[in-house]
Structure formats: C-alpha cells, structure tokens
$ cat structure35.csv   # CSV, C-alpha atoms
chain,number,residue,atom,x,y,z
B,7,MET,CA,0.0,0.0,0.0
B,8,GLY,CA,2.9,2.4,0.8
B,9,THR,CA,4.3,2.0,-2.7
B,10,CYS,CA,1.1,3.0,-4.3
B,11,PHE,CA,0.9,6.1,-2.2
B,12,ALA,CA,4.4,7.1,-3.1
B,13,VAL,CA,3.6,6.9,-6.8
B,14,ILE,CA,0.4,9.0,-6.4
B,15,GLU,CA,2.4,11.5,-4.3
B,16,LYS,CA,5.0,11.9,-7.0
B,17,GLN,CA,2.4,12.6,-9.7
B,18,ASN,CA,0.9,15.4,-7.6
B,19,GLU,CA,4.2,17.2,-7.1
B,20,VAL,CA,4.6,20.5,-8.8
B,21,GLU,CA,6.7,20.2,-12.0
B,22,LEU,CA,9.6,22.6,-11.6
B,23,GLY,CA,11.0,22.3,-15.1
B,24,GLU,CA,13.9,20.6,-16.8
B,25,LEU,CA,17.6,21.5,-17.4
B,26,LEU,CA,19.8,20.4,-20.3
B,27,LEU,CA,23.4,20.1,-19.3
B,28,SER,CA,26.6,18.9,-21.0
B,29,LEU,CA,29.6,17.7,-18.9
B,30,ASN,CA,33.1,16.8,-19.9
B,31,TYR,CA,36.3,16.3,-18.0
B,32,LEU,CA,39.8,16.9,-19.4
B,33,PRO,CA,42.2,14.8,-17.2
B,34,SER,CA,45.4,16.3,-18.6
B,35,ALA,CA,44.3,19.9,-17.9
B,36,GLY,CA,42.4,19.0,-14.7
B,37,ARG,CA,39.3,20.9,-16.1
B,38,LEU,CA,35.7,20.0,-15.5
B,39,ASN,CA,33.7,21.7,-18.3
B,40,VAL,CA,30.0,22.4,-18.0
B,41,ASP,CA,27.6,23.7,-20.6
B,42,VAL,CA,24.3,25.0,-19.5
B,43,ILE,CA,22.4,24.5,-22.8
B,44,ARG,CA,18.8,25.3,-22.0
B,45,ALA,CA,15.9,24.8,-19.7
B,46,LYS,CA,12.2,24.2,-20.4
B,47,GLN,CA,8.8,24.5,-18.7
B,48,LEU,CA,10.3,26.2,-15.7
B,49,LEU,CA,7.9,27.0,-12.9
B,50,GLN,CA,6.9,30.6,-13.4
B,51,THR,CA,7.8,32.7,-10.3
B,52,ASP,CA,6.4,36.0,-11.3
B,53,VAL,CA,2.9,35.6,-12.9
B,54,SER,CA,2.6,39.3,-13.9
B,55,GLN,CA,6.0,39.6,-15.7
B,56,GLY,CA,7.0,36.0,-16.4
B,57,SER,CA,10.2,34.5,-15.0
B,58,ASP,CA,13.7,35.9,-15.7
B,59,PRO,CA,15.5,32.7,-15.0
B,60,PHE,CA,19.2,32.1,-14.5
B,61,VAL,CA,21.3,29.1,-13.4
B,62,LYS,CA,23.8,29.2,-10.5
B,63,ILE,CA,26.5,26.5,-10.8
B,64,GLN,CA,28.4,25.7,-7.6
B,65,LEU,CA,31.4,23.4,-7.3
B,66,VAL,CA,31.5,21.6,-3.9
B,67,HIS,CA,34.6,19.6,-2.9
B,68,GLY,CA,33.5,17.1,-0.2
B,69,LEU,CA,31.4,19.4,1.9
B,70,LYS,CA,33.2,22.7,1.1
B,71,LEU,CA,31.9,25.2,-1.4
B,72,VAL,CA,34.8,26.0,-3.7
B,73,LYS,CA,33.5,28.1,-6.6
B,74,THR,CA,30.3,29.8,-7.8
B,75,LYS,CA,29.4,30.8,-11.4
B,76,LYS,CA,26.2,32.1,-13.0
B,77,THR,CA,24.6,32.2,-16.4
B,78,SER,CA,23.1,35.5,-17.6
B,79,PHE,CA,19.3,35.8,-16.9
B,80,LEU,CA,16.9,35.8,-19.7
B,81,ARG,CA,13.8,38.0,-19.5
B,82,GLY,CA,10.2,36.8,-19.5
B,83,THR,CA,10.7,33.2,-20.5
B,84,ILE,CA,10.1,29.8,-19.0
B,85,ASP,CA,12.0,28.1,-21.9
B,86,PRO,CA,15.4,29.8,-21.9
B,87,PHE,CA,18.3,29.0,-24.2
B,88,TYR,CA,21.6,29.7,-22.5
B,89,ASN,CA,24.3,27.9,-24.4
B,90,GLU,CA,26.8,29.1,-21.8
B,91,SER,CA,30.1,27.3,-21.0
B,92,PHE,CA,31.9,27.2,-17.6
B,93,SER,CA,35.2,25.6,-16.7
B,94,PHE,CA,36.2,24.5,-13.2
B,95,LYS,CA,39.7,23.5,-12.1
B,96,VAL,CA,39.4,20.0,-10.6
B,97,PRO,CA,42.6,17.9,-10.4
B,98,GLN,CA,41.9,14.3,-11.3
B,99,GLU,CA,42.6,13.0,-7.8
B,100,GLU,CA,39.9,15.3,-6.4
B,101,LEU,CA,37.2,14.5,-9.1
B,102,GLU,CA,35.7,11.7,-7.0
B,103,ASN,CA,35.0,14.1,-4.2
B,104,ALA,CA,33.4,16.8,-6.4
B,105,SER,CA,29.8,17.8,-6.7
B,106,LEU,CA,28.2,20.3,-9.0
B,107,VAL,CA,25.1,22.0,-7.6
B,108,PHE,CA,22.8,23.6,-10.3
B,109,THR,CA,20.2,25.9,-9.0
B,110,VAL,CA,17.7,27.7,-11.2
B,111,PHE,CA,16.4,31.0,-9.9
B,112,GLY,CA,14.0,33.6,-11.2
B,113,HIS,CA,15.8,36.9,-11.2
B,114,ASN,CA,14.1,39.4,-9.0
B,115,MET,CA,15.2,43.0,-8.7
B,116,LYS,CA,13.0,44.0,-5.8
B,117,SER,CA,13.8,41.2,-3.4
B,118,SER,CA,16.0,38.1,-3.2
B,119,ASN,CA,15.9,35.8,-6.3
B,120,ASP,CA,13.1,33.2,-6.4
B,121,PHE,CA,14.2,29.6,-6.1
B,122,ILE,CA,12.8,27.5,-9.0
B,123,GLY,CA,14.6,24.1,-8.7
B,124,ARG,CA,17.9,22.4,-8.1
B,125,ILE,CA,19.9,19.2,-9.0
B,126,VAL,CA,23.3,18.0,-7.8
B,127,ILE,CA,25.6,16.0,-10.0
B,128,GLY,CA,28.8,14.3,-8.7
B,129,GLN,CA,29.8,12.7,-5.4
B,130,TYR,CA,26.5,13.7,-3.7
B,131,SER,CA,24.1,13.4,-6.6
B,132,SER,CA,20.5,14.2,-5.9
B,133,GLY,CA,19.1,11.2,-7.8
B,134,PRO,CA,19.7,8.3,-10.2
B,135,SER,CA,19.5,10.4,-13.4
B,136,GLU,CA,22.2,12.7,-12.0
B,137,SER,CA,24.4,9.8,-10.9
B,138,ASN,CA,24.1,8.3,-14.3
B,139,HIS,CA,25.2,11.5,-16.0
B,140,TRP,CA,28.2,11.8,-13.8
B,141,ARG,CA,29.2,8.1,-14.4
B,142,ARG,CA,28.8,8.5,-18.1
B,143,MET,CA,31.1,11.6,-18.0
B,144,LEU,CA,33.7,9.8,-15.9
B,145,ASN,CA,33.7,6.9,-18.4
B,146,THR,CA,34.1,9.1,-21.5
B,147,HIS,CA,37.0,11.6,-20.8
B,148,ARG,CA,37.3,14.4,-23.3
B,149,THR,CA,33.9,13.8,-24.8
B,150,ALA,CA,30.9,16.0,-23.9
B,151,VAL,CA,28.0,14.1,-22.4
B,152,GLU,CA,24.6,15.8,-22.7
B,153,GLN,CA,21.5,15.0,-20.6
B,154,TRP,CA,18.2,16.4,-19.5
B,155,HIS,CA,17.4,16.6,-15.8
B,156,SER,CA,14.2,17.2,-14.0
B,157,LEU,CA,14.6,19.9,-11.3
B,158,ARG,CA,14.0,19.0,-7.7
B,159,SER,CA,12.9,21.0,-4.7
B,160,ARG,CA,15.4,22.4,-2.3
B,161,ALA,CA,14.0,20.2,0.5
B,162,GLU,CA,14.4,17.1,-1.6
B,163,CYS,CA,18.0,17.9,-2.6
B,164,ASP,CA,18.9,18.8,1.0
B,165,ARG,CA,17.4,15.5,2.2
B,166,VAL,CA,19.4,13.3,-0.2
B,167,SER,CA,22.6,15.4,-1.0
B,168,PRO,CA,24.9,16.8,1.7
B,169,ALA,CA,26.4,19.1,-1.0
B,170,SER,CA,23.0,20.8,-1.4
B,171,LEU,CA,23.2,21.9,2.3
B,172,GLU,CA,26.5,23.7,1.6
B,173,VAL,CA,25.2,26.2,-0.9
B,174,THR,CA,22.6,29.0,-1.0

$ encode --input "structure35.csv" --output "structure tokens"
Amino acid sequence: MGTCFAVIEKQNEVELGELLLSLNYLPSAGRLNVDVIRAKQLLQTDVSQGSDPFVKIQLVHGLKLVKTKKTSFLRGTIDPFYNESFSFKVPQEELENASLVFTVFGHNMKSSNDFIGRIVIGQYSSGPSESNHWRRMLNTHRTAVEQWHSLRSRAECDRVSPASLEVT
C-alpha cells in the first residue's frame, strides 16, 4: 500500500522544469567543463511579468563550497536557451569528491531571487539520473555528455545530498 501512495504523491508534485546540461572532463588539464544549454517548462515565479531565469553553478569539494558561477538571466521566458560554458579547475585526484550544484532562480530586482529548482551531480548526486550523467562523463573523458534533468525542490535535494546543504 505504501508503494502505491508514493507513486500518487510523485504525480501530484509540482513540476519545476527541466535543465539540459553537458559535462566533460579533461584529465590532462584537470578541467571540468560544464555547458548549460537550455531549460524548459520552468515554474513561473512571477505571474505578472514571467520569470527571468538564470542558473547558478556551484562546485563543492567534499562538503566545502569552492566556486560559484552564474549564467546570464533571460527576460520573461520559462524556456530559456543559455548555451553558456563554464570551466572549473578540478585535479583528477579530487574528481571523485566533487559535486556540482545547479540551482535555477527567477531573477528578482525587488527582493531576493526566487528559487525554482535544483539538482546535484557528482559525489553527492541528488538522484539516479544525476548519478548516471556523472558516471557517463567519468567513463568518456574528453567527450561531452549531454543529458536532460528534472529539477527537484530544495527540500528534496537537502534530504538526499549533503552538497546541497553547503550552498545558498
């Protein structure tokens, strides 16, 4: 009976949107390259003006926030195309302890930005899809690996990924 309930509960969850990411690792340079390609069907945070979404990418080593980068924000869309590339210095011996936290926010000039959704890829992945993407990247050095991810709530990420607790 509990299983059935979990399935129903999942269907009633608010869809937060999806994020298309590409990852690749260059062992010789010790660079982890991330392309934030696009998002689709993002939860609209400002009904009157539409969302102005951007993605914050945070590199966490073990449980320490190391670096934060952001995409530009795109006005009035829930289906933004970013095509923005970011590179993080991650020596090969530290790769297994790395996590990338992707958080989508709605840009808000009047107050703090509105949280839309998050995923974590790496040591403390926030789910099987994220773990799979990380594994595929590790197995194909120097080749970009692209994958769509369904955004999760902050509470869900915090519950399953210690890395999520380390970022804002």

$ residues_around --input "structure35.csv" --residues "Thr77 of chain B" --least-positions-apart "4" --cutoff "10 Å" --atoms "all atoms listed in the file" --output "number ranges by chain"
B: 41-42, 59-63, 88-92, 110

$ closest_residue --input "structure35.csv" --among "B:Asn39, B:Asn30, B:Cys163, B:Arg158" --to "His139 of chain B" --atoms "only C-alpha atoms"
B:Asn30

$ closest_residue --input "structure35.csv" --among "B:Ser78, B:Ser57, B:Ser93, B:Ser170" --to "Leu32 of chain B" --atoms "only C-alpha atoms"
B:Ser93

$ closest_residue --input "structure35.csv" --among "B:Gln129, B:Lys75, B:Arg81, B:Thr149" --to "Met115 of chain B" --atoms "all atoms listed in the file"
B:Arg81

$ closest_residue --input "structure35.csv" --among "B:Phe111, B:Pro168, B:Gln153, B:Arg160" --to "Ile125 of chain B" --atoms "only C-alpha atoms"
B:Arg160

$ closest_residue --input "structure35.csv" --among "B:Leu38, B:Leu26, B:Val107, B:Met143" --to "Asp164 of chain B" --atoms "all atoms listed in the file"
B:Val107

$ atom_distance --input "structure35.csv" --atom1 "atom CA of Leu71 of chain B" --atom2 "atom CA of Ser135 of chain B"
22.7 Å

$ atom_distance --input "structure35.csv" --atom1 "atom CA of Phe108 of chain B" --atom2 "atom CA of Arg124 of chain B"
5.5 Å
